[in-house]
>>> print(open('final23.txt').read())   # compact mmCIF, C-alpha atoms
# COMPACT_ATOMS: atom_id res chain seq x y z
CA MET A 1 210.33 -112.14 -193.43
CA LYS A 2 212.59 -113.67 -196.07
CA PRO A 3 211.47 -114.88 -199.48
CA ALA A 4 211.27 -118.59 -200.21
CA PRO A 5 213.91 -119.75 -202.71
CA PHE A 6 213.27 -118.99 -206.37
CA VAL A 7 215.17 -119.05 -209.63
CA TYR A 8 216.19 -115.55 -210.65
CA VAL A 9 216.26 -114.69 -214.34
CA ARG A 10 217.40 -111.30 -215.56
CA ALA A 11 215.74 -110.67 -218.91
CA ALA A 12 218.28 -109.59 -221.50
CA SER A 13 215.66 -108.58 -224.07
CA VAL A 14 211.89 -108.44 -224.40
CA GLU A 15 212.10 -111.61 -226.51
CA HIS A 16 214.00 -113.33 -223.72
CA ALA A 17 211.38 -112.25 -221.17
CA LEU A 18 208.60 -113.57 -223.40
CA GLU A 19 210.45 -116.90 -223.77
CA VAL A 20 210.62 -117.25 -219.99
CA LEU A 21 206.93 -116.37 -219.61
CA ALA A 22 205.97 -118.77 -222.42
CA GLU A 23 207.83 -121.53 -220.60
CA HIS A 24 206.77 -120.83 -217.01
CA GLY A 25 203.47 -118.92 -217.32
CA ASP A 26 201.97 -118.18 -213.92
CA ASP A 27 204.87 -119.91 -212.14
CA ALA A 28 207.01 -116.90 -213.08
CA LEU A 29 206.39 -113.47 -211.56
CA VAL A 30 207.68 -110.36 -213.26
CA LEU A 31 209.89 -108.10 -211.14
CA ALA A 32 209.65 -104.47 -212.27
CA GLY A 33 209.95 -101.89 -209.48
CA GLY A 34 209.40 -104.55 -206.84
CA GLN A 35 207.61 -102.21 -204.44
CA SER A 36 204.64 -104.57 -204.20
CA LEU A 37 206.22 -107.82 -205.36
CA VAL A 38 209.20 -107.81 -202.96
CA PRO A 39 207.03 -107.23 -199.86
CA MET A 40 204.81 -110.08 -201.07
CA LEU A 41 207.93 -112.25 -201.50
CA ASN A 42 209.27 -111.24 -198.08
CA LEU A 43 205.94 -112.05 -196.45
CA ARG A 44 205.72 -115.26 -198.50
CA LEU A 45 202.32 -114.24 -199.78
CA VAL A 46 203.71 -115.40 -203.13
CA GLN A 47 206.27 -118.15 -203.70
CA PRO A 48 207.00 -118.17 -207.43
CA ALA A 49 209.30 -120.75 -209.00
CA VAL A 50 210.87 -118.01 -211.13
CA VAL A 51 211.35 -114.29 -210.62
CA LEU A 52 211.82 -112.60 -213.97
CA ASP A 53 213.63 -109.28 -213.53
CA ILE A 54 212.87 -106.89 -216.40
CA ASN A 55 214.84 -103.92 -215.06
CA ALA A 56 217.53 -104.25 -217.73
CA LEU A 57 214.98 -103.72 -220.52
CA HIS A 58 215.74 -100.03 -220.94
CA GLY A 59 213.55 -99.85 -224.03
CA LEU A 60 210.55 -100.21 -221.71
CA ALA A 61 211.63 -97.25 -219.57
CA THR A 62 210.78 -94.50 -222.04
CA ILE A 63 208.19 -91.73 -222.23
CA GLU A 64 207.58 -90.57 -225.79
CA SER A 65 205.02 -89.10 -228.15
CA HIS A 66 203.58 -91.87 -230.25
CA THR A 67 202.79 -91.66 -233.94
CA ALA A 68 199.05 -91.04 -233.48
CA GLY A 69 199.86 -87.95 -231.43
CA GLY A 70 199.34 -89.23 -227.91
CA LEU A 71 201.72 -90.38 -225.24
CA ARG A 72 203.45 -93.77 -225.11
CA LEU A 73 204.66 -94.83 -221.69
CA GLY A 74 206.84 -97.88 -221.20
CA ALA A 75 206.07 -100.35 -218.45
CA LEU A 76 209.33 -99.55 -216.61
CA VAL A 77 208.70 -95.83 -216.26
CA ARG A 78 209.04 -95.04 -212.55
CA HIS A 79 206.46 -93.06 -210.59
CA ARG A 80 209.03 -90.39 -209.87
CA GLU A 81 209.70 -89.85 -213.60
CA ILE A 82 205.99 -89.41 -214.27
CA ALA A 83 205.93 -86.76 -211.53
CA VAL A 84 208.69 -84.69 -213.14
CA ASP A 85 208.56 -85.43 -216.88
CA PRO A 86 207.64 -82.34 -218.97
CA LEU A 87 205.97 -84.40 -221.71
CA VAL A 88 203.67 -86.03 -219.14
CA ALA A 89 202.91 -82.62 -217.64
CA ALA A 90 201.93 -81.29 -221.07
CA CYS A 91 200.06 -84.31 -222.44
CA ALA A 92 198.67 -86.07 -219.38
CA PRO A 93 198.53 -83.64 -216.44
CA LEU A 94 196.22 -86.05 -214.59
CA LEU A 95 199.17 -88.46 -214.22
CA ARG A 96 201.42 -85.72 -212.96
CA ALA A 97 198.81 -84.69 -210.38
CA ALA A 98 198.36 -88.29 -209.23
CA ALA A 99 202.05 -89.27 -208.95
CA PRO A 100 202.81 -87.53 -205.63
CA TRP A 101 199.95 -89.46 -204.05
CA ILE A 102 201.67 -92.78 -204.62
CA ALA A 103 203.27 -94.04 -201.41
CA HIS A 104 206.48 -92.20 -200.38
CA PRO A 105 209.52 -90.78 -202.22
CA ALA A 106 211.66 -93.91 -201.72
CA VAL A 107 208.91 -96.09 -203.18
CA ARG A 108 208.29 -93.68 -206.06
CA HIS A 109 211.98 -93.90 -207.02
CA ARG A 110 211.59 -97.62 -207.76
CA GLY A 111 207.92 -98.40 -208.39
CA THR A 112 206.79 -98.55 -212.01
CA LEU A 113 203.71 -97.73 -214.04
CA GLY A 114 203.62 -101.19 -215.61
CA GLY A 115 203.99 -102.97 -212.30
CA SER A 116 201.11 -101.01 -210.81
CA LEU A 117 198.86 -101.67 -213.82
CA ALA A 118 199.76 -105.37 -213.97
CA LEU A 119 199.13 -105.86 -210.25
CA GLY A 120 195.90 -103.85 -210.40
CA ASP A 121 195.62 -103.05 -206.73
CA PRO A 122 192.11 -101.62 -206.37
CA ALA A 123 193.34 -98.78 -204.15
CA ALA A 124 196.22 -97.80 -206.45
CA GLU A 125 196.34 -94.61 -208.48
CA TRP A 126 197.52 -95.75 -211.93
CA PRO A 127 194.75 -98.23 -212.71
CA ALA A 128 192.10 -95.56 -212.00
CA CYS A 129 193.97 -92.92 -214.01
CA ALA A 130 194.34 -95.35 -216.92
CA VAL A 131 190.58 -95.97 -216.98
CA ALA A 132 189.80 -92.25 -216.60
CA LEU A 133 192.11 -91.40 -219.53
CA ASP A 134 190.72 -94.28 -221.62
CA ALA A 135 194.27 -95.60 -221.91
CA THR A 136 195.27 -98.58 -224.00
CA ILE A 137 197.33 -101.22 -222.27
CA ARG A 138 199.85 -103.04 -224.44
CA LEU A 139 200.65 -106.69 -223.82
CA ALA A 140 203.16 -108.89 -225.62
CA SER A 141 203.60 -112.64 -225.80
CA ARG A 142 205.81 -115.01 -227.75
CA THR A 143 202.93 -116.66 -229.57
CA GLY A 144 200.50 -113.76 -229.93
CA GLY A 145 202.81 -110.84 -230.65
CA GLU A 146 201.45 -107.59 -229.27
CA ARG A 147 197.82 -106.93 -228.40
CA CYS A 148 196.08 -103.88 -227.00
CA VAL A 149 193.36 -103.80 -224.38
CA ALA A 150 191.33 -100.79 -223.28
CA ALA A 151 192.11 -100.06 -219.63
CA GLU A 152 188.41 -100.14 -218.87
CA SER A 153 188.19 -103.83 -219.79
CA PHE A 154 191.65 -104.76 -218.45
CA PHE A 155 190.86 -105.00 -214.75
CA HIS A 156 188.65 -108.04 -214.10
CA GLY A 157 188.65 -108.37 -210.32
CA LEU A 158 190.77 -108.27 -207.21
CA TYR A 159 194.34 -108.64 -208.55
CA ARG A 160 192.88 -110.24 -211.67
CA SER A 161 193.33 -108.72 -215.09
CA ASP A 162 193.16 -109.50 -218.78
CA ARG A 163 196.89 -110.31 -218.82
CA ARG A 164 197.55 -113.98 -219.50
CA GLY A 165 200.37 -115.81 -217.72
CA ASP A 166 202.52 -115.82 -220.86
CA GLU A 167 202.11 -112.09 -221.48
CA LEU A 168 204.27 -109.18 -220.47
CA LEU A 169 202.67 -105.78 -219.94
CA VAL A 170 204.98 -103.62 -222.05
CA GLY A 171 203.35 -100.23 -221.76
CA CYS A 172 200.41 -97.95 -221.96
CA ASP A 173 199.25 -95.51 -224.66
CA LEU A 174 197.25 -92.36 -224.06
CA ALA A 175 195.36 -90.39 -226.69
CA GLN A 176 196.35 -86.79 -227.25
CA ALA A 177 194.53 -84.41 -224.96
CA SER A 178 192.29 -81.91 -226.76
CA HIS A 179 192.49 -78.13 -226.23
CA ASP A 180 189.54 -78.26 -223.82
CA SER A 181 190.63 -81.28 -221.77
CA VAL A 182 190.41 -80.85 -218.03
CA PHE A 183 191.01 -83.22 -215.17
CA SER A 184 190.65 -83.67 -211.45
CA PHE A 185 192.54 -85.93 -209.10
CA ARG A 186 191.46 -86.24 -205.48
CA GLU A 187 192.36 -88.76 -202.83
CA LEU A 188 191.64 -89.32 -199.15
CA ALA A 189 193.90 -91.51 -197.04
CA ARG A 190 194.40 -91.91 -193.31
CA ARG A 191 198.00 -90.74 -193.59
CA HIS A 192 199.91 -89.25 -196.48
CA GLY A 193 201.26 -92.07 -198.62
CA ASP A 194 198.84 -94.72 -197.41
CA TYR A 195 196.62 -96.49 -199.86
CA ALA A 196 193.52 -94.48 -200.66
CA ALA A 197 190.43 -94.83 -198.50
CA VAL A 198 188.67 -93.36 -201.52
CA GLY A 199 190.14 -91.69 -204.57
CA LEU A 200 188.72 -90.12 -207.71
CA ALA A 201 190.33 -89.58 -211.11
CA VAL A 202 188.35 -87.53 -213.63
CA SER A 203 189.13 -86.73 -217.22
CA ALA A 204 186.79 -84.59 -219.31
CA CYS A 205 186.61 -82.70 -222.60
CA GLY A 206 184.35 -79.75 -223.13
CA ARG A 207 183.11 -77.22 -220.63
CA PRO A 208 180.86 -77.23 -217.57
CA GLY A 209 177.31 -78.07 -218.57
CA ALA A 210 178.42 -79.21 -222.04
CA TRP A 211 180.92 -82.05 -221.69
CA ARG A 212 181.60 -84.13 -224.81
CA THR A 213 183.22 -86.80 -222.67
CA LEU A 214 183.50 -87.10 -218.94
CA ARG A 215 184.95 -90.12 -217.18
CA LEU A 216 184.76 -90.38 -213.39
CA VAL A 217 186.70 -93.28 -211.92
CA PHE A 218 186.77 -94.08 -208.22
CA PHE A 219 189.40 -96.25 -206.56
CA GLY A 220 189.71 -97.83 -203.13
CA ILE A 221 186.02 -98.72 -203.07
CA GLY A 222 185.78 -102.06 -204.88
CA ASP A 223 187.79 -104.86 -206.49
CA THR A 224 188.82 -102.76 -209.49
CA PRO A 225 188.73 -99.11 -210.50
CA ILE A 226 185.02 -98.22 -210.56
CA ARG A 227 183.67 -95.97 -213.28
CA ALA A 228 180.68 -93.90 -212.17
CA THR A 229 178.91 -94.04 -215.51
CA ALA A 230 175.47 -92.71 -214.60
CA CYS A 231 176.94 -89.81 -212.64
CA GLY A 232 179.28 -88.98 -215.55
CA GLU A 233 176.42 -89.09 -218.06
CA ALA A 234 174.31 -86.84 -215.88
CA LEU A 235 177.10 -84.27 -215.66
CA ALA A 236 177.72 -84.48 -219.39
CA ALA A 237 174.01 -83.80 -219.97
CA GLY A 238 174.27 -80.63 -217.89
CA ALA A 239 173.08 -81.90 -214.51
CA GLY A 240 173.77 -79.88 -211.39
CA LEU A 241 175.74 -81.17 -208.45
CA ALA A 242 172.65 -82.34 -206.55
CA GLU A 243 171.50 -84.56 -209.39
CA ALA A 244 175.03 -85.86 -210.06
CA ARG A 245 175.31 -86.71 -206.39
CA ALA A 246 172.00 -88.57 -206.43
CA GLN A 247 173.17 -90.59 -209.44
CA LEU A 248 176.46 -91.37 -207.72
CA GLU A 249 174.81 -92.49 -204.50
CA ALA A 250 172.49 -94.74 -206.51
CA GLU A 251 175.23 -96.43 -208.52
CA LEU A 252 178.13 -96.76 -206.05
CA GLU A 253 178.30 -99.84 -203.88
CA PRO A 254 181.53 -99.33 -201.94
CA ARG A 255 183.02 -102.22 -200.07
CA ALA A 256 184.18 -101.69 -196.51
CA ASP A 257 187.86 -102.14 -195.66
CA LEU A 258 189.57 -102.47 -192.28
CA TRP A 259 189.09 -98.80 -191.43
CA PHE A 260 186.13 -97.48 -193.38
CA SER A 261 182.59 -98.82 -193.56
CA ALA A 262 180.74 -98.87 -196.88
CA GLN A 263 178.68 -95.96 -195.59
CA ALA A 264 181.79 -93.93 -194.75
CA LYS A 265 183.27 -94.62 -198.17
CA ARG A 266 180.05 -93.52 -199.85
CA HIS A 267 180.14 -90.30 -197.83
CA LEU A 268 183.78 -89.68 -198.79
CA ALA A 269 183.06 -90.44 -202.45
CA VAL A 270 180.36 -87.76 -202.48
CA HIS A 271 182.82 -85.36 -200.88
CA LEU A 272 185.35 -86.07 -203.64
CA LEU A 273 182.67 -85.58 -206.29
CA ARG A 274 182.01 -82.13 -204.84
CA GLU A 275 185.73 -81.27 -205.02
CA ALA A 276 186.02 -82.64 -208.55
CA TRP A 277 182.98 -80.60 -209.56
CA ARG A 278 184.85 -77.44 -208.60
CA ASP A 279 188.14 -78.65 -210.16
CA LEU A 280 186.36 -79.06 -213.48
CA GLY A 281 185.30 -75.43 -213.41
CA HIS A 282 181.67 -75.71 -212.38
CA PRO A 283 180.31 -72.83 -210.37
CA ASP A 284 180.50 -73.29 -206.62
CA THR A 285 176.85 -73.73 -205.78
CA GLY A 286 177.34 -74.02 -202.04
CA GLU A 287 175.70 -77.45 -202.04
CA MET B 1 222.31 -125.95 -201.39
CA GLU B 2 220.72 -122.90 -202.95
CA SER B 3 222.29 -121.56 -206.09
CA THR B 4 224.08 -118.24 -205.91
CA THR B 5 224.69 -115.44 -208.35
CA ASP B 6 227.90 -113.43 -208.54
CA ILE B 7 227.43 -109.71 -208.27
CA GLU B 8 229.84 -106.81 -208.32
CA PHE B 9 228.86 -103.41 -207.05
CA GLU B 10 230.27 -100.37 -205.36
CA VAL B 11 229.52 -99.80 -201.70
CA ASN B 12 230.53 -96.43 -200.27
CA GLY B 13 233.11 -96.08 -203.03
CA LYS B 14 234.67 -99.54 -202.68
CA ARG B 15 234.28 -102.34 -205.23
CA VAL B 16 232.66 -105.41 -203.71
CA ARG B 17 232.32 -108.86 -205.30
CA LEU B 18 229.98 -111.34 -203.70
CA ALA B 19 228.09 -114.52 -204.45
CA VAL B 20 224.55 -113.93 -203.22
CA SER B 21 221.40 -115.97 -203.11
CA PRO B 22 218.74 -114.41 -205.36
CA ARG B 23 216.32 -114.23 -202.46
CA GLU B 24 218.60 -112.09 -200.28
CA HIS B 25 217.55 -108.47 -200.23
CA LEU B 26 220.14 -105.73 -200.38
CA ALA B 27 219.78 -104.63 -196.75
CA ASP B 28 220.59 -108.13 -195.49
CA VAL B 29 223.63 -108.37 -197.75
CA LEU B 30 224.91 -104.98 -196.61
CA ARG B 31 224.47 -105.92 -192.96
CA GLN B 32 225.55 -109.53 -192.97
CA ARG B 33 228.03 -109.76 -195.80
CA CYS B 34 229.50 -106.25 -195.87
CA GLY B 35 229.35 -105.66 -192.11
CA LEU B 36 227.51 -102.37 -192.62
CA THR B 37 225.05 -102.62 -189.77
CA GLY B 38 224.09 -98.94 -189.90
CA THR B 39 221.38 -100.00 -192.33
CA HIS B 40 218.63 -101.13 -189.99
CA LEU B 41 215.81 -103.55 -190.67
CA GLY B 42 212.44 -102.77 -189.18
CA CYS B 43 209.47 -104.19 -191.01
CA GLU B 44 211.04 -105.80 -194.11
CA HIS B 45 208.04 -104.97 -196.21
CA GLY B 46 208.63 -101.38 -197.15
CA VAL B 47 206.61 -99.60 -194.48
CA CYS B 48 209.12 -98.25 -191.94
CA GLY B 49 212.04 -96.78 -193.91
CA ALA B 50 214.71 -97.92 -191.41
CA CYS B 51 216.57 -99.75 -194.21
CA THR B 52 216.85 -96.69 -196.49
CA VAL B 53 220.02 -96.70 -198.60
CA ARG B 54 220.96 -94.81 -201.72
CA VAL B 55 221.31 -96.77 -204.94
CA ASP B 56 222.64 -94.81 -207.92
CA GLY B 57 221.83 -91.68 -205.98
CA ALA B 58 218.21 -92.43 -205.15
CA ALA B 59 217.10 -93.07 -201.57
CA ILE B 60 215.24 -96.38 -201.68
CA ARG B 61 214.10 -99.20 -199.42
CA GLY B 62 216.97 -101.64 -198.89
CA CYS B 63 214.48 -104.40 -198.08
CA LEU B 64 212.56 -103.97 -201.35
CA ILE B 65 215.44 -104.51 -203.74
CA LEU B 66 217.10 -107.87 -204.20
CA ALA B 67 220.87 -107.83 -203.83
CA VAL B 68 221.18 -109.35 -207.32
CA GLN B 69 219.47 -106.22 -208.63
CA ALA B 70 222.27 -104.07 -207.22
CA ASP B 71 224.75 -105.72 -209.60
CA GLY B 72 226.69 -102.87 -211.22
CA ALA B 73 225.10 -100.22 -209.01
CA GLN B 74 226.63 -97.62 -206.72
CA VAL B 75 225.31 -98.11 -203.21
CA ARG B 76 225.75 -95.69 -200.35
CA THR B 77 224.90 -96.44 -196.75
CA ILE B 78 224.98 -94.23 -193.68
CA GLU B 79 228.58 -95.36 -193.02
CA GLY B 80 229.69 -93.77 -196.28
CA GLU B 81 228.25 -90.33 -195.65
CA GLY B 82 230.40 -89.18 -192.69
CA ASN B 83 232.34 -86.60 -194.72
CA ASP B 84 229.36 -85.25 -196.62
CA PRO B 85 228.63 -81.66 -195.54
CA VAL B 86 224.85 -82.09 -195.86
CA MET B 87 224.99 -85.23 -193.72
CA GLN B 88 227.25 -83.56 -191.16
CA ALA B 89 224.83 -80.63 -190.84
CA LEU B 90 221.91 -83.02 -190.43
CA GLN B 91 223.70 -85.15 -187.83
CA GLN B 92 224.67 -82.08 -185.79
CA ALA B 93 221.13 -80.71 -185.94
CA PHE B 94 219.66 -84.10 -184.97
CA ILE B 95 221.88 -84.12 -181.88
CA GLU B 96 221.06 -80.55 -180.91
CA ARG B 97 217.33 -80.91 -181.39
CA ASN B 98 217.06 -84.33 -179.75
CA ALA B 99 215.71 -85.68 -183.00
CA LEU B 100 216.49 -89.23 -181.96
CA GLN B 101 215.93 -91.32 -178.91
CA CYS B 102 216.57 -95.02 -179.49
CA GLY B 103 218.18 -94.23 -182.84
CA TYR B 104 216.84 -97.21 -184.71
CA CYS B 105 215.13 -95.15 -187.41
CA THR B 106 217.83 -92.46 -187.54
CA PRO B 107 220.02 -93.71 -190.43
CA GLY B 108 216.94 -93.94 -192.64
CA PHE B 109 215.76 -90.48 -191.65
CA LEU B 110 219.21 -88.98 -192.26
CA LEU B 111 219.59 -90.49 -195.73
CA THR B 112 216.07 -89.46 -196.73
CA ALA B 113 216.53 -85.94 -195.35
CA ALA B 114 219.89 -85.60 -197.14
CA GLU B 115 218.20 -86.42 -200.44
CA LEU B 116 215.52 -83.83 -199.74
CA LEU B 117 218.08 -81.10 -198.99
CA GLU B 118 219.98 -81.92 -202.18
CA LEU B 119 216.76 -81.52 -204.20
CA ASP B 120 215.41 -78.54 -202.27
CA PRO B 121 217.76 -76.48 -200.06
CA ASP B 122 214.85 -74.49 -198.63
CA PRO B 123 211.98 -76.88 -197.93
CA SER B 124 208.90 -75.80 -196.00
CA ARG B 125 207.96 -77.70 -192.85
CA GLU B 126 205.12 -79.22 -194.81
CA SER B 127 207.41 -80.49 -197.57
CA ILE B 128 209.87 -81.86 -194.96
CA ARG B 129 206.98 -83.78 -193.38
CA GLU B 130 205.84 -84.98 -196.78
CA TYR B 131 209.33 -86.12 -197.79
CA LEU B 132 209.90 -87.94 -194.51
CA SER B 133 206.42 -89.46 -194.49
CA GLY B 134 207.78 -92.87 -195.50
CA ASN B 135 210.04 -93.10 -192.45
CA ILE B 136 208.56 -94.15 -189.14
CA CYS B 137 209.89 -93.06 -185.74
CA ARG B 138 208.24 -94.49 -182.65
CA CYS B 139 210.10 -92.33 -180.11
CA THR B 140 210.14 -88.66 -181.02
CA GLY B 141 206.75 -87.78 -182.45
CA TYR B 142 208.48 -86.24 -185.50
CA GLN B 143 208.37 -82.62 -184.31
CA ALA B 144 212.04 -82.65 -183.32
CA ILE B 145 213.04 -84.40 -186.54
CA VAL B 146 211.33 -81.76 -188.66
CA ASP B 147 212.97 -79.08 -186.49
CA ALA B 148 216.37 -80.65 -187.05
CA VAL B 149 216.00 -80.87 -190.82
CA GLU B 150 214.82 -77.28 -190.91
CA LEU B 151 217.81 -76.19 -188.81
CA ALA B 152 220.29 -78.11 -190.97
CA ALA B 153 218.78 -76.56 -194.10
CA ARG B 154 219.13 -73.06 -192.66
CA ARG B 155 222.75 -73.68 -191.70
CA LEU B 156 223.55 -75.08 -195.12
CA ARG B 157 222.06 -71.93 -196.66
CA GLY B 158 224.27 -69.90 -194.35
CA GLU B 159 221.28 -68.46 -192.50
CA ALA B 160 221.95 -69.88 -189.05
CA GLY B 161 225.08 -70.19 -186.95
CA THR B 162 226.18 -73.32 -185.19
CA ASP B 163 224.59 -72.13 -181.95
CA ALA B 164 221.20 -71.26 -183.45
CA SER B 165 218.49 -70.84 -180.89
CA VAL B 166 215.14 -72.55 -181.14
CA PRO B 167 213.29 -71.26 -184.21
>>> encode(input="final23.txt", output="structure tokens")
Amino acid sequence: MKPAPFVYVRAASVEHALEVLAEHGDDALVLAGGQSLVPMLNLRLVQPAVVLDINALHGLATIESHTAGGLRLGALVRHREIAVDPLVAACAPLLRAAAPWIAHPAVRHRGTLGGSLALGDPAAEWPACAVALDATIRLASRTGGERCVAAESFFHGLYRSDRRGDELLVGCDLAQASHDSVFSFRELARRHGDYAAVGLAVSACGRPGAWRTLRLVFFGIGDTPIRATACGEALAAGAGLAEARAQLEAELEPRADLWFSAQAKRHLAVHLLREAWRDLGHPDTGE
Amino acid sequence: MESTTDIEFEVNGKRVRLAVSPREHLADVLRQRCGLTGTHLGCEHGVCGACTVRVDGAAIRGCLILAVQADGAQVRTIEGEGNDPVMQALQQAFIERNALQCGYCTPGFLLTAAELLELDPDPSRESIREYLSGNICRCTGYQAIVDAVELAARRLRGEAGTDASVP
């Protein structure tokens, strides 16, 4: 239960971090909050040549309004800060609602937004929220400067993402919420703080029966956050819960994990859809 | 020979200088290099909470932070909390309510509970359970631990005497 030897580098600046990543690529692993990386090191699931600690890069630990009016979150923002920050509560209440579902208080004190997005655990909260909010993920590299990727196309597969080995995930931008934005966050786990058996993050603009946009994103059911597109389109077009449910059951193909069969996950996903339906302000139809 | 990194940090109010290997986590360094064996190691992958310590005030997993990352930090372990009134109230209540049996998890529970009572002097049973959910006890079944935290909170609010009967 001890890590294999590695070279430890404490990044003194973003430029320094990018130098190290340009030199070592995938042989270097970035240490942000360490709440997933350090267990993986301890268990020797990963044995990197270099561990690049970015915790001294305080410029990446900020939450601010960005020029286009939305919210700019740095990669080093901790889960706990997202849970208590007033700007997040005002501009991205979905994130605030999701934060308490992440692990336990001691883990939330250290774990970071950027680390969670970069790892892309399919049962984690932030990747699903980022897709639901149509977030933009910002990546930097020494050769390419900064580039932006829509969260929806960032997660490629199980622990695989659009981030190249020489890139550092520096943050995440969210568009400004409109006056009629609503959200729902629901999660089912065996015990509080465990990874989700099934979770659902929803972000919508408009009103029940007349949604301009509606993004339903499930997590814990596949290799990446899974957007329920057909179900979302049906709801946006004014469908009732029964039809939305039929669309969802047709499009979801949950993968079983150690505790829940695919069938059980499908059942739980439908249950979460029903809860989200009410959260979004639809009438309780008793279905 | 593995390379080492010099770190300097404060442990329970005392300055400590050490040369550590980058792969040593903080809990190991506290136990083996500082002699502070009140920080226990259970799972070493962040599940059990036995290694809870406070770094710059926050209760965190001692096994999920490298010792090199504690450079410049203020670290507090269970050994440093003996004179803290919140900790004293918790320890007394843990004894009275039989909130420990083997005691292996107890330092982690106490440090986590102390943080909770600093943030919220009047937590509900549900929020006590939620806050302690990252600490595992295999002896007590948790009921007595929640009782003890509740009792300590009431005493700290001045609502229960030292001989409080069962709530």
>>> closest_atom_pairs(input="final23.txt", of="chain B", to="chain A", cutoff="7 Å", atoms="all atoms listed in the file", output="tab-separated table")
residue	atom	partner	partner_atom	distance
B:Pro22	CA	A:Tyr8	CA	6.0
B:Arg23	CA	A:Pro3	CA	5.7
B:Glu44	CA	A:Met1	CA	6.4
B:His45	CA	A:Pro39	CA	4.4
B:Gly46	CA	A:Pro39	CA	6.6
B:Ala58	CA	A:His109	CA	6.7
B:Ala59	CA	A:Ala106	CA	5.5
B:Ile60	CA	A:Ala106	CA	4.3
B:Arg61	CA	A:Ala106	CA	6.3
B:Leu64	CA	A:Val38	CA	5.4
B:Ile65	CA	A:Gly34	CA	6.8
B:Tyr131	CA	A:Pro105	CA	6.4
B:Ser133	CA	A:His104	CA	6.5
B:Gly134	CA	A:His104	CA	5.1
>>> residues_around(input="final23.txt", residues="segment 151-159 of chain B", least_positions_apart="4", cutoff="12 Å", atoms="all atoms listed in the file", output="VMD selection string")
chain B and resid 84 to 97 99 110 113 to 125 128 144 to 147 163 to 167
>>> write_last_selection(input="final23.txt", atoms="C-alpha atoms", output="PDB file, in the frame of the given file")
ATOM      1  CA  ASP B  84     229.360 -85.250-196.620  1.00  0.00           C
ATOM      2  CA  PRO B  85     228.630 -81.660-195.540  1.00  0.00           C
ATOM      3  CA  VAL B  86     224.850 -82.090-195.860  1.00  0.00           C
ATOM      4  CA  MET B  87     224.990 -85.230-193.720  1.00  0.00           C
ATOM      5  CA  GLN B  88     227.250 -83.560-191.160  1.00  0.00           C
ATOM      6  CA  ALA B  89     224.830 -80.630-190.840  1.00  0.00           C
ATOM      7  CA  LEU B  90     221.910 -83.020-190.430  1.00  0.00           C
ATOM      8  CA  GLN B  91     223.700 -85.150-187.830  1.00  0.00           C
ATOM      9  CA  GLN B  92     224.670 -82.080-185.790  1.00  0.00           C
ATOM     10  CA  ALA B  93     221.130 -80.710-185.940  1.00  0.00           C
ATOM     11  CA  PHE B  94     219.660 -84.100-184.970  1.00  0.00           C
ATOM     12  CA  ILE B  95     221.880 -84.120-181.880  1.00  0.00           C
ATOM     13  CA  GLU B  96     221.060 -80.550-180.910  1.00  0.00           C
ATOM     14  CA  ARG B  97     217.330 -80.910-181.390  1.00  0.00           C
ATOM     15  CA  ALA B  99     215.710 -85.680-183.000  1.00  0.00           C
ATOM     16  CA  LEU B 110     219.210 -88.980-192.260  1.00  0.00           C
ATOM     17  CA  ALA B 113     216.530 -85.940-195.350  1.00  0.00           C
ATOM     18  CA  ALA B 114     219.890 -85.600-197.140  1.00  0.00           C
ATOM     19  CA  GLU B 115     218.200 -86.420-200.440  1.00  0.00           C
ATOM     20  CA  LEU B 116     215.520 -83.830-199.740  1.00  0.00           C
ATOM     21  CA  LEU B 117     218.080 -81.100-198.990  1.00  0.00           C
ATOM     22  CA  GLU B 118     219.980 -81.920-202.180  1.00  0.00           C
ATOM     23  CA  LEU B 119     216.760 -81.520-204.200  1.00  0.00           C
ATOM     24  CA  ASP B 120     215.410 -78.540-202.270  1.00  0.00           C
ATOM     25  CA  PRO B 121     217.760 -76.480-200.060  1.00  0.00           C
ATOM     26  CA  ASP B 122     214.850 -74.490-198.630  1.00  0.00           C
ATOM     27  CA  PRO B 123     211.980 -76.880-197.930  1.00  0.00           C
ATOM     28  CA  SER B 124     208.900 -75.800-196.000  1.00  0.00           C
ATOM     29  CA  ARG B 125     207.960 -77.700-192.850  1.00  0.00           C
ATOM     30  CA  ILE B 128     209.870 -81.860-194.960  1.00  0.00           C
ATOM     31  CA  ALA B 144     212.040 -82.650-183.320  1.00  0.00           C
ATOM     32  CA  ILE B 145     213.040 -84.400-186.540  1.00  0.00           C
ATOM     33  CA  VAL B 146     211.330 -81.760-188.660  1.00  0.00           C
ATOM     34  CA  ASP B 147     212.970 -79.080-186.490  1.00  0.00           C
ATOM     35  CA  ASP B 163     224.590 -72.130-181.950  1.00  0.00           C
ATOM     36  CA  ALA B 164     221.200 -71.260-183.450  1.00  0.00           C
ATOM     37  CA  SER B 165     218.490 -70.840-180.890  1.00  0.00           C
ATOM     38  CA  VAL B 166     215.140 -72.550-181.140  1.00  0.00           C
ATOM     39  CA  PRO B 167     213.290 -71.260-184.210  1.00  0.00           C
TER      40      PRO B 167
END
>>> atom_distance(input="final23.txt", atom1="atom CA of Leu169 of chain A", atom2="atom CA of Ala70 of chain B")
23.4 Å
>>> residues_around(input="final23.txt", residues="Leu21 of chain A", least_positions_apart="4", cutoff="9 Å", atoms="only C-alpha atoms", output="count of residues only")
15
>>> closest_residue(input="final23.txt", among="B:Ala50, B:Ala148, B:Val68, B:Cys43", to="Glu8 of chain B", atoms="all atoms listed in the file")
B:Val68
